[in-house]
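Okay, coords22.cif now, which holds mmCIF, C-alpha atoms:
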data_structure
#
loop_
_atom_site.label_atom_id
_atom_site.label_comp_id
_atom_site.auth_asym_id
_atom_site.auth_seq_id
_atom_site.Cartn_x
_atom_site.Cartn_y
_atom_site.Cartn_z
CA MET Y 203 -62.49 46.28 27.29
CA ARG Y 204 -63.09 48.80 24.51
CA THR Y 205 -59.39 49.71 24.55
CA VAL Y 206 -58.36 46.08 24.08
CA PHE Y 207 -60.86 45.66 21.23
CA PHE Y 208 -59.51 48.79 19.54
CA TYR Y 209 -55.89 47.54 19.57
CA LEU Y 210 -56.88 44.08 18.38
CA THR Y 211 -58.78 45.60 15.47
CA LEU Y 212 -55.87 47.91 14.61
CA ALA Y 213 -53.44 44.98 14.64
CA ALA Y 214 -55.69 43.01 12.30
CA ILE Y 215 -55.84 45.92 9.85
CA LEU Y 216 -52.06 46.33 9.85
CA LEU Y 217 -51.47 42.62 9.31
CA ALA Y 218 -53.93 42.61 6.41
CA GLY Y 219 -51.98 45.36 4.70
CA CYS Y 220 -49.09 43.18 3.64
CA HIS Y 221 -47.97 39.57 3.32
CA ALA Y 222 -44.52 38.01 3.12
CA SER Y 223 -43.64 36.95 -0.41
CA ALA Y 224 -41.77 33.79 -1.40
CA ASP Y 225 -38.41 35.56 -1.19
CA GLY Y 226 -39.12 37.13 2.19
CA LYS Y 227 -40.22 40.53 0.88
CA LYS Y 228 -43.66 42.03 1.32
CA THR Y 229 -46.38 42.14 -1.28
CA GLU Y 230 -49.63 44.05 -1.44
CA ALA Y 231 -52.59 42.68 0.51
CA GLY Y 232 -54.29 39.83 -1.28
CA ALA Y 233 -51.22 38.89 -3.37
CA GLU Y 234 -50.35 35.26 -2.76
CA PRO Y 235 -46.74 34.08 -3.23
CA ASP Y 236 -47.76 31.49 -5.80
CA THR Y 237 -49.20 34.18 -8.07
CA LEU Y 238 -45.75 35.70 -8.61
CA LYS Y 239 -43.98 35.13 -11.92
CA TYR Y 240 -40.63 33.43 -11.57
CA VAL Y 241 -37.52 33.41 -13.78
CA ALA Y 242 -33.99 32.09 -13.37
CA LEU Y 243 -30.76 33.77 -14.40
CA SER Y 244 -28.13 31.27 -15.52
CA PHE Y 245 -24.57 31.83 -16.67
CA ASP Y 246 -22.19 29.74 -18.76
CA ASP Y 247 -18.42 29.45 -19.15
CA GLY Y 248 -17.16 30.50 -15.71
CA PRO Y 249 -15.93 30.47 -13.12
CA ASN Y 250 -13.43 33.31 -13.21
CA THR Y 251 -12.17 36.05 -10.93
CA THR Y 252 -13.26 39.01 -13.07
CA ILE Y 253 -16.79 38.90 -14.52
CA THR Y 254 -18.27 36.22 -12.24
CA PRO Y 255 -17.64 38.36 -9.11
CA ARG Y 256 -19.17 41.38 -10.87
CA ILE Y 257 -22.35 39.40 -11.48
CA LEU Y 258 -22.38 38.23 -7.88
CA ASP Y 259 -22.03 41.87 -6.77
CA LEU Y 260 -25.16 42.72 -8.77
CA MET Y 261 -27.02 39.77 -7.30
CA GLU Y 262 -26.16 40.97 -3.82
CA LYS Y 263 -27.20 44.50 -4.75
CA TYR Y 264 -30.64 43.39 -5.94
CA GLU Y 265 -30.99 40.43 -3.55
CA VAL Y 266 -31.44 37.75 -6.21
CA THR Y 267 -29.87 34.37 -6.90
CA GLY Y 268 -29.05 32.39 -10.03
CA SER Y 269 -27.30 29.35 -11.48
CA PHE Y 270 -23.75 29.07 -12.80
CA PHE Y 271 -22.98 26.35 -15.35
CA VAL Y 272 -19.23 26.03 -15.08
CA ILE Y 273 -16.51 24.58 -17.29
CA GLY Y 274 -14.39 22.12 -15.35
CA GLN Y 275 -11.05 23.26 -16.74
CA HIS Y 276 -11.80 26.81 -15.57
CA ILE Y 277 -11.95 25.71 -11.94
CA THR Y 278 -8.79 26.73 -10.09
CA GLU Y 279 -8.11 27.47 -6.43
CA GLU Y 280 -8.82 31.15 -7.14
CA SER Y 281 -12.01 30.66 -9.17
CA ALA Y 282 -13.21 28.00 -6.73
CA ALA Y 283 -13.37 30.73 -4.09
CA VAL Y 284 -15.79 32.58 -6.36
CA MET Y 285 -17.93 29.44 -6.64
CA LYS Y 286 -17.99 29.16 -2.86
CA ARG Y 287 -19.09 32.77 -2.59
CA ALA Y 288 -21.92 32.05 -5.06
CA CYS Y 289 -23.04 29.06 -3.00
CA ASP Y 290 -22.94 31.09 0.22
CA MET Y 291 -25.28 33.60 -1.46
CA GLY Y 292 -27.81 30.90 -2.31
CA CYS Y 293 -26.77 30.44 -5.92
CA GLU Y 294 -26.08 27.01 -7.40
CA ILE Y 295 -23.20 25.56 -9.41
CA GLN Y 296 -24.09 23.25 -12.28
CA ASN Y 297 -22.27 21.37 -15.05
CA HIS Y 298 -21.21 22.74 -18.46
CA SER Y 299 -18.63 20.03 -19.33
CA LEU Y 300 -14.89 19.85 -18.75
CA THR Y 301 -13.50 21.35 -21.98
CA HIS Y 302 -16.55 22.86 -23.74
CA SER Y 303 -16.17 20.41 -26.62
CA MET Y 304 -18.77 19.57 -29.25
CA MET Y 305 -20.27 16.66 -27.33
CA THR Y 306 -21.94 14.88 -30.24
CA GLN Y 307 -18.51 14.34 -31.79
CA LEU Y 308 -17.25 12.46 -28.73
CA THR Y 309 -17.46 8.79 -27.85
CA VAL Y 310 -19.78 7.76 -25.03
CA ALA Y 311 -16.77 7.26 -22.76
CA GLN Y 312 -15.51 10.76 -23.58
CA MET Y 313 -18.95 12.29 -22.99
CA LYS Y 314 -19.15 10.67 -19.58
CA GLU Y 315 -15.63 11.79 -18.68
CA GLU Y 316 -16.42 15.41 -19.64
CA VAL Y 317 -19.41 15.46 -17.33
CA GLU Y 318 -18.19 13.27 -14.48
CA ARG Y 319 -14.85 15.01 -14.07
CA THR Y 320 -16.59 18.41 -13.90
CA SER Y 321 -19.13 17.13 -11.38
CA GLN Y 322 -16.28 15.80 -9.23
CA LEU Y 323 -14.51 19.17 -9.27
CA ILE Y 324 -17.70 21.03 -8.37
CA GLU Y 325 -18.39 18.64 -5.52
CA GLN Y 326 -14.79 18.87 -4.34
CA TYR Y 327 -14.93 22.64 -3.96
CA THR Y 328 -18.58 23.26 -3.05
CA GLY Y 329 -19.67 20.04 -1.35
CA THR Y 330 -22.64 19.74 -3.70
CA ARG Y 331 -22.95 17.52 -6.74
CA PRO Y 332 -24.59 18.99 -9.87
CA THR Y 333 -27.98 17.76 -11.03
CA LEU Y 334 -28.24 19.86 -14.20
CA PHE Y 335 -26.19 19.95 -17.40
CA ARG Y 336 -26.01 22.56 -20.13
CA PRO Y 337 -24.52 21.05 -23.30
CA PRO Y 338 -21.81 23.20 -24.92
CA TYR Y 339 -23.19 24.99 -27.98
CA ILE Y 340 -26.54 23.32 -27.07
CA ASN Y 341 -25.19 20.46 -29.17
CA VAL Y 342 -27.31 17.44 -28.21
CA ASN Y 343 -28.26 13.99 -29.48
CA GLN Y 344 -30.09 11.01 -28.06
CA THR Y 345 -26.87 9.26 -27.11
CA MET Y 346 -26.09 12.15 -24.78
CA HIS Y 347 -29.51 11.94 -23.16
CA ASP Y 348 -29.01 8.21 -22.70
CA SER Y 349 -25.44 8.47 -21.36
CA ILE Y 350 -25.44 11.54 -19.13
CA PRO Y 351 -27.43 11.13 -15.90
CA LEU Y 352 -28.33 14.81 -15.52
CA ILE Y 353 -31.26 17.02 -16.56
CA PHE Y 354 -30.47 18.98 -19.72
CA ILE Y 355 -30.93 22.76 -19.62
CA CYS Y 356 -30.98 25.23 -22.50
CA GLY Y 357 -32.45 28.71 -21.93
CA GLU Y 358 -33.45 31.93 -23.62
CA GLY Y 359 -30.32 33.57 -24.99
CA SER Y 360 -29.74 37.20 -25.89
CA GLN Y 361 -26.67 36.68 -28.11
CA ASP Y 362 -24.59 37.96 -25.22
CA TRP Y 363 -21.61 35.94 -26.45
CA GLU Y 364 -21.41 38.34 -29.43
CA PRO Y 365 -19.37 41.47 -28.67
CA THR Y 366 -21.29 43.39 -31.35
CA VAL Y 367 -24.55 43.01 -29.39
CA SER Y 368 -24.78 45.99 -27.07
CA ALA Y 369 -25.85 45.97 -23.43
CA GLU Y 370 -29.01 47.81 -24.44
CA GLN Y 371 -29.87 45.18 -27.06
CA ARG Y 372 -29.28 42.37 -24.58
CA ALA Y 373 -31.48 44.05 -21.99
CA ALA Y 374 -34.23 44.73 -24.52
CA HIS Y 375 -34.34 41.08 -25.57
CA MET Y 376 -34.46 39.86 -21.97
CA LEU Y 377 -37.35 42.17 -21.17
CA GLU Y 378 -39.19 41.25 -24.37
CA THR Y 379 -38.97 37.50 -23.76
CA ALA Y 380 -39.68 37.50 -20.01
CA ALA Y 381 -42.22 34.83 -19.07
CA ASP Y 382 -43.15 32.81 -16.03
CA GLY Y 383 -40.91 29.76 -15.70
CA LEU Y 384 -38.26 31.07 -18.10
CA ILE Y 385 -34.56 30.24 -17.82
CA TYR Y 386 -32.25 32.98 -19.14
CA LEU Y 387 -29.05 31.74 -20.77
CA LEU Y 388 -26.26 34.27 -20.26
CA HIS Y 389 -22.46 34.18 -20.11
CA ASP Y 390 -20.00 35.22 -17.40
CA PHE Y 391 -16.83 34.66 -19.42
CA GLU Y 392 -13.98 37.11 -18.99
CA GLY Y 393 -14.49 40.44 -20.73
CA ASN Y 394 -18.27 40.17 -20.98
CA GLU Y 395 -18.91 43.58 -19.43
CA ALA Y 396 -21.99 44.25 -21.56
CA THR Y 397 -23.95 41.48 -19.84
CA VAL Y 398 -23.09 42.95 -16.44
CA GLN Y 399 -24.37 46.33 -17.67
CA ALA Y 400 -27.54 44.76 -19.09
CA LEU Y 401 -28.35 42.97 -15.85
CA ASP Y 402 -28.03 46.19 -13.87
CA SER Y 403 -31.11 47.47 -15.68
CA VAL Y 404 -32.95 44.21 -16.37
CA ILE Y 405 -33.13 42.89 -12.81
CA PRO Y 406 -34.89 45.93 -11.29
CA ALA Y 407 -37.10 46.26 -14.39
CA LEU Y 408 -38.30 42.66 -14.09
CA LYS Y 409 -38.85 43.06 -10.37
CA ALA Y 410 -41.01 46.09 -11.10
CA ARG Y 411 -43.08 43.90 -13.44
CA GLY Y 412 -43.73 41.41 -10.66
CA PHE Y 413 -41.07 38.82 -11.46
CA ALA Y 414 -39.15 37.02 -8.72
CA PHE Y 415 -35.76 35.37 -9.24
CA THR Y 416 -34.57 31.94 -8.22
CA THR Y 417 -32.11 29.28 -9.34
CA VAL Y 418 -32.93 26.85 -12.14
CA SER Y 419 -33.44 24.07 -9.59
CA GLY Y 420 -35.53 26.46 -7.51
CA LEU Y 421 -37.64 27.25 -10.54
CA PHE Y 422 -38.62 23.60 -10.91
CA LYS Y 423 -39.41 23.37 -7.19
CA THR Y 424 -41.39 26.61 -7.12
CA LYS Y 425 -43.56 25.40 -9.99
CA GLY Y 426 -43.95 21.94 -8.48
CA ILE Y 427 -42.35 20.23 -11.47
CA THR Y 428 -40.15 17.17 -11.42
CA PRO Y 429 -37.76 17.62 -14.39
CA ALA Y 430 -37.72 14.75 -16.86
CA LYS Y 431 -34.88 13.15 -18.76
CA GLY Y 432 -35.00 13.58 -22.53
CA ILE Y 433 -36.18 17.20 -22.41
CA LEU Y 434 -33.98 20.23 -23.14
CA TYR Y 435 -35.51 22.89 -20.91
CA THR Y 436 -35.77 26.56 -21.76
CA ASN Y 437 -38.89 27.05 -19.65
CA VAL Y 438 -39.66 24.68 -16.78
CA LEU Y 439 -43.32 24.72 -17.77
CA GLN Y 440 -42.64 23.11 -21.14
CA LYS Y 441 -43.79 19.54 -21.69
CA GLU Y 442 -41.31 18.36 -24.35
#
Rewrite the coordinates I just gave you, this time as C-alpha cells.
Amino acid sequence: MRTVFFYLTLAAILLAGCHASADGKKTEAGAEPDTLKYVALSFDDGPNTTITPRILDLMEKYEVTGSFFVIGQHITEESAAVMKRACDMGCEIQNHSLTHSMMTQLTVAQMKEEVERTSQLIEQYTGTRPTLFRPPYINVNQTMHDSIPLIFICGEGSQDWEPTVSAEQRAAHMLETAADGLIYLLHDFEGNEATVQALDSVIPALKARGFAFTTVSGLFKTKGITPAKGILYTNVLQKE
C-alpha cells in the first residue's frame, strides 16, 4: 500500500511541474495559457516563389504561424503552391486587393472588383475564403468600410519596404514595439531578404520574452474578441 502511495505522490509532483501551453508546448508550473502574450506576424504583397518560401522555412524552424495578405494578380499556379504550403502549416491567406491600387481613387464597383476577384482566387486555390482585408498603402475611407464586407487590418510596420532600413533596424523596432495583441505588418515581396534576416532573430527573442505567435484571425479568437466593421486594427485589443 505504501508503494502505491509513493508512486501516486511522485506522479502528482511530476504533473505539477509543467503544463501544456496554448501552442502545445510546456510552460512552468502555475503558468496558465491565457496569461501568455500573443502577437501575429502578417505579410503583404505575396505570394511568390522566392521570399515567401523563405519566410515559411523560418516559421517551420521556430514552429510559428502567421497571416499572408496576398495580391490577386501575384497568384499563379506556381505561387499558389506556396499558398497551399502556408495553409498546410496552419497559416492563413487573406486579401490585399487585386492590383494594389490606391483604393480611395476607385469607384465603388472597382473597389468591390479588386476585393472580390482576389477572394475568389484565394478560395479557388486554398478552399478558404478570406475574412480580412489590408488596404493597399493603408489608404482607407468610409466608402471602403461601407462597400467591402471584410474586417480591415493595418499593423505595426518597421519600414521593411525601404531597402535602406537594415535587418538590424527592422528587428530592433519589432522588439521595441512588441505588445500583447499586436499585429506586425511586414512584407514578403521578392528581394526582401532583410525581413527574412530580421525574423530569424526576432522570433526566438520574442519567444524568450514570453510571446506566443498566431494568425491574425487566431489573435482575435485567443483574446475572445469579435472584430468589428469600421475599425482599422493594429492591435486586436483596440476599441476604435
In the coordinates of the file, take the point (-41.4, 21.9, -10.2) and a cut-off of 12 Å; then, counting all atoms listed in the file, name each qualifying protein, DNA or RNA residue as a PDB file with C-alpha atoms, in the coordinates of the input.
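The resulting selection_0.pdb:
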ATOM      1  CA  TYR Y 240     -40.630  33.430 -11.570  1.00  0.00           C
ATOM      2  CA  GLY Y 383     -40.910  29.760 -15.700  1.00  0.00           C
ATOM      3  CA  THR Y 417     -32.110  29.280  -9.340  1.00  0.00           C
ATOM      4  CA  VAL Y 418     -32.930  26.850 -12.140  1.00  0.00           C
ATOM      5  CA  SER Y 419     -33.440  24.070  -9.590  1.00  0.00           C
ATOM      6  CA  GLY Y 420     -35.530  26.460  -7.510  1.00  0.00           C
ATOM      7  CA  LEU Y 421     -37.640  27.250 -10.540  1.00  0.00           C
ATOM      8  CA  PHE Y 422     -38.620  23.600 -10.910  1.00  0.00           C
ATOM      9  CA  LYS Y 423     -39.410  23.370  -7.190  1.00  0.00           C
ATOM     10  CA  THR Y 424     -41.390  26.610  -7.120  1.00  0.00           C
ATOM     11  CA  LYS Y 425     -43.560  25.400  -9.990  1.00  0.00           C
ATOM     12  CA  GLY Y 426     -43.950  21.940  -8.480  1.00  0.00           C
ATOM     13  CA  ILE Y 427     -42.350  20.230 -11.470  1.00  0.00           C
ATOM     14  CA  THR Y 428     -40.150  17.170 -11.420  1.00  0.00           C
ATOM     15  CA  PRO Y 429     -37.760  17.620 -14.390  1.00  0.00           C
ATOM     16  CA  ALA Y 430     -37.720  14.750 -16.860  1.00  0.00           C
ATOM     17  CA  ASN Y 437     -38.890  27.050 -19.650  1.00  0.00           C
ATOM     18  CA  VAL Y 438     -39.660  24.680 -16.780  1.00  0.00           C
ATOM     19  CA  LEU Y 439     -43.320  24.720 -17.770  1.00  0.00           C
ATOM     20  CA  GLN Y 440     -42.640  23.110 -21.140  1.00  0.00           C
ATOM     21  CA  LYS Y 441     -43.790  19.540 -21.690  1.00  0.00           C
TER      22      LYS Y 441
END
For the file shown, what are the residues hit by the PyMOL selection byres ((chain Y and resi 283) around 12), laid out as a list of chain:residue names?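 What the PyMOL selection byres ((chain Y and resi 283) around 12) grabs from the file is Y:Pro249, Y:Asn250, Y:Thr251, Y:Thr254, Y:Pro255, Y:Ile277, Y:Thr278, Y:Glu279, Y:Glu280, Y:Ser281, Y:Ala282, Y:Val284, Y:Met285, Y:Lys286, Y:Arg287, Y:Ala288, Y:Cys289, Y:Asp290, Y:Ile324, Y:Gln326, Y:Tyr327, Y:Thr328.
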Do you know which residues the PyMOL selection byres ((chain Y and resi 386-401) around 8) returns on this file, as a PyMOL selection string? chain Y and resi 241-250+252-254+256-257+260+356-360+362-363+365+368-370+372-373+376+384-385+402-405+436
Closest of Y:Gly292, Y:Gly329, Y:Pro406, Y:Pro338 to Met313 in chain Y - atom-to-atom distances counting only C-alpha atoms: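 For Met313 in chain Y, the nearest of the candidates is Y:Pro338.
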In Å, with one decimal, what is the gap from CA of Ser349 in chain Y to CA of His298 in chain Y? 15.2 Å
Measure the distance from CA of Arg331 in chain Y to CA of Lys239 in chain Y in Å and round it to one decimal.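 Interatomic distance, CA of Arg331 in chain Y to CA of Lys239 in chain Y: 27.9 Å.
When all atoms listed in the file are used to measure the gap to Phe413 in chain Y, the shortest distance among Y:Ala311, Y:Met304, Y:Val272, Y:Ala381 belongs to Y:Ala381.
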Test item: the PyMOL selection byres ((chain Y and resi 275) around 9) resolved as a list of chain:residue names: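 This file gives the following for the PyMOL selection byres ((chain Y and resi 275) around 9): Y:Val272, Y:Ile273, Y:Gly274, Y:His276, Y:Ile277, Y:Thr278, Y:Ser299, Y:Leu300, Y:Thr301, Y:His302, Y:Thr320.
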Selection near Ile433 in chain Y, 9 Å with only C-alpha atoms, sequence-local residues under 5 positions removed, as JSON, numbers by chain: {"Y": [347, 353, 354, 355, 440, 441, 442]}
Restricting the calculation to all atoms listed in the file: of Y:Thr306, Y:Asn297, Y:Asn343, Y:Thr333, which residue gets closest to Arg319 in chain Y?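 Closest to Arg319 in chain Y, using all atoms listed in the file: Y:Asn297.
Between CA of Cys293 in chain Y and CA of Met305 in chain Y the separation is 26.3 Å.
The closest residue to Ser303 in chain Y, picked from Y:Val266, Y:Leu334, Y:Val342, Y:Leu323 and counting all atoms listed in the file, is Y:Val342.
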Within 10 Å of Gly412 in chain Y using only C-alpha atoms, minus same-chain residues under 2 positions, as a VMD selection string: chain Y and resid 229 237 to 240 406 to 410 414
How would the residues just chosen look if you wrote them out with C-alpha atoms as a CSV table (one decimal), in the coordinates of the input?
chain,number,residue,atom,x,y,z
Y,229,THR,CA,-46.4,42.1,-1.3
Y,237,THR,CA,-49.2,34.2,-8.1
Y,238,LEU,CA,-45.8,35.7,-8.6
Y,239,LYS,CA,-44.0,35.1,-11.9
Y,240,TYR,CA,-40.6,33.4,-11.6
Y,406,PRO,CA,-34.9,45.9,-11.3
Y,407,ALA,CA,-37.1,46.3,-14.4
Y,408,LEU,CA,-38.3,42.7,-14.1
Y,409,LYS,CA,-38.8,43.1,-10.4
Y,410,ALA,CA,-41.0,46.1,-11.1
Y,414,ALA,CA,-39.2,37.0,-8.7
Find the residue from Y:Thr416, Y:Gln361, Y:Gln371, Y:Thr345 that sits nearest to Gly432 in chain Y; use all atoms listed in the file when measuring. Y:Thr345
